[in-house]
Amino acid sequence: MTVTDIAAWGTANHVRAALERHLTGALVEVPEHDESPRRAFSEALRKSLLLRQTHPFDTVAIGLPDLLRYRDLVAGSEVTLRATNIDAYFIRQDGSAEQYLPETE
């Protein structure tokens with residue numbers, strides 16, 4: 001099962017549980033009191049790069065809250081994410097997930 005499959009049918013809790021079962025060390029927890037999206041994003045990106053290094057042929061993805069700041073950070077890192085084959089998902093408050101797809105011109 002891929003992260004894409006999981007995100008298509010599950011809530012954020014389903015994605016979390018599936019990642020915990022299938023990808024040891026895949027989750028990056030950011031304390032709720034941490035208000036720094038940049039720090040959370042950089043830690044998620046760092047962790048996903050480490051996963052990519054140890055699992056070069058697996059699906060690697062990051063999941064972030066669906067907030068404008070996170071969308072801007074992902075868009076600003078689009079080339080890096082594409083080059084390293086790392087997907088990004090935005091998790092909405094209702095628990096649904098949306099995969100980031102770059103805008104085509």
# chains A, B, ... in the order shown; residues from 1 in each chain; ligands from 1

call {"tool": "residues_around", "arguments": {"residues": "Arg82 in chain A", "least_positions_apart": "3", "cutoff": "12 Å", "atoms": "only C-alpha atoms", "output": "list in words"}}
result
Leu49, Val60, Ala61, Val74, Ala75, Gly76, Ser77, Glu78, Val79, Asn85, Ile86, Asp87, Ala88, Tyr100, Leu101 and Pro102 of chain A

call {"tool": "residues_around", "arguments": {"residues": "Asp66 in chain A", "least_positions_apart": "6", "cutoff": "12 Å", "atoms": "only C-alpha atoms", "output": "PyMOL selection string"}}
result
chain A and resi 12+37+72-74+88-100

call {"tool": "write_last_selection", "arguments": {"atoms": "N, CA and C atoms", "output": "PDB file, in the first residue's frame"}}
result
ATOM      1  N   ALA A  12      -6.476  11.691   8.580  1.00  0.00           N
ATOM      2  CA  ALA A  12      -5.113  11.913   9.056  1.00  0.00           C
ATOM      3  C   ALA A  12      -4.722  10.837  10.068  1.00  0.00           C
ATOM      4  N   PRO A  37       6.005  27.236  11.606  1.00  0.00           N
ATOM      5  CA  PRO A  37       5.850  26.376  10.440  1.00  0.00           C
ATOM      6  C   PRO A  37       7.178  26.104   9.733  1.00  0.00           C
ATOM      7  N   ASP A  72       3.015  27.660   1.081  1.00  0.00           N
ATOM      8  CA  ASP A  72       4.089  28.495   0.530  1.00  0.00           C
ATOM      9  C   ASP A  72       5.448  27.819   0.672  1.00  0.00           C
ATOM     10  N   LEU A  73       5.705  27.189   1.823  1.00  0.00           N
ATOM     11  CA  LEU A  73       6.984  26.504   2.028  1.00  0.00           C
ATOM     12  C   LEU A  73       7.154  25.334   1.057  1.00  0.00           C
ATOM     13  N   VAL A  74       6.097  24.577   0.841  1.00  0.00           N
ATOM     14  CA  VAL A  74       6.167  23.452  -0.101  1.00  0.00           C
ATOM     15  C   VAL A  74       6.372  23.966  -1.520  1.00  0.00           C
ATOM     16  N   ALA A  88       4.209  15.607  -1.088  1.00  0.00           N
ATOM     17  CA  ALA A  88       3.734  16.408   0.035  1.00  0.00           C
ATOM     18  C   ALA A  88       2.210  16.354   0.066  1.00  0.00           C
ATOM     19  N   TYR A  89       1.678  16.214   1.263  1.00  0.00           N
ATOM     20  CA  TYR A  89       0.239  16.187   1.471  1.00  0.00           C
ATOM     21  C   TYR A  89      -0.138  17.256   2.481  1.00  0.00           C
ATOM     22  N   PHE A  90      -1.292  17.862   2.264  1.00  0.00           N
ATOM     23  CA  PHE A  90      -1.837  18.824   3.202  1.00  0.00           C
ATOM     24  C   PHE A  90      -3.018  18.168   3.898  1.00  0.00           C
ATOM     25  N   ILE A  91      -2.969  18.145   5.222  1.00  0.00           N
ATOM     26  CA  ILE A  91      -4.013  17.517   6.019  1.00  0.00           C
ATOM     27  C   ILE A  91      -4.958  18.606   6.506  1.00  0.00           C
ATOM     28  N   ARG A  92      -6.228  18.489   6.107  1.00  0.00           N
ATOM     29  CA  ARG A  92      -7.239  19.474   6.487  1.00  0.00           C
ATOM     30  C   ARG A  92      -7.756  19.198   7.895  1.00  0.00           C
ATOM     31  N   GLN A  93      -8.442  20.171   8.458  1.00  0.00           N
ATOM     32  CA  GLN A  93      -8.988  20.017   9.812  1.00  0.00           C
ATOM     33  C   GLN A  93      -9.990  18.879   9.899  1.00  0.00           C
ATOM     34  N   ASP A  94     -10.686  18.578   8.798  1.00  0.00           N
ATOM     35  CA  ASP A  94     -11.653  17.475   8.839  1.00  0.00           C
ATOM     36  C   ASP A  94     -10.979  16.115   8.718  1.00  0.00           C
ATOM     37  N   GLY A  95      -9.640  16.103   8.586  1.00  0.00           N
ATOM     38  CA  GLY A  95      -8.893  14.849   8.520  1.00  0.00           C
ATOM     39  C   GLY A  95      -8.601  14.378   7.117  1.00  0.00           C
ATOM     40  N   SER A  96      -9.189  15.014   6.110  1.00  0.00           N
ATOM     41  CA  SER A  96      -8.906  14.598   4.736  1.00  0.00           C
ATOM     42  C   SER A  96      -7.533  15.112   4.310  1.00  0.00           C
ATOM     43  N   ALA A  97      -6.965  14.467   3.321  1.00  0.00           N
ATOM     44  CA  ALA A  97      -5.631  14.830   2.842  1.00  0.00           C
ATOM     45  C   ALA A  97      -5.683  15.174   1.366  1.00  0.00           C
ATOM     46  N   GLU A  98      -4.902  16.176   0.979  1.00  0.00           N
ATOM     47  CA  GLU A  98      -4.804  16.589  -0.418  1.00  0.00           C
ATOM     48  C   GLU A  98      -3.335  16.567  -0.820  1.00  0.00           C
ATOM     49  N   GLN A  99      -3.023  15.843  -1.894  1.00  0.00           N
ATOM     50  CA  GLN A  99      -1.643  15.813  -2.360  1.00  0.00           C
ATOM     51  C   GLN A  99      -1.300  17.131  -3.053  1.00  0.00           C
ATOM     52  N   TYR A 100      -0.114  17.642  -2.753  1.00  0.00           N
ATOM     53  CA  TYR A 100       0.361  18.859  -3.421  1.00  0.00           C
ATOM     54  C   TYR A 100       0.704  18.510  -4.858  1.00  0.00           C
TER      55      TYR A 100
END

call {"tool": "atom_distance", "arguments": {"atom1": "CA of Arg39 in chain A", "atom2": "CA of Phe57 in chain A"}}
result
27.0 Å

call {"tool": "atom_distance", "arguments": {"atom1": "CA of Asp58 in chain A", "atom2": "CA of Ala83 in chain A"}}
result
14.5 Å
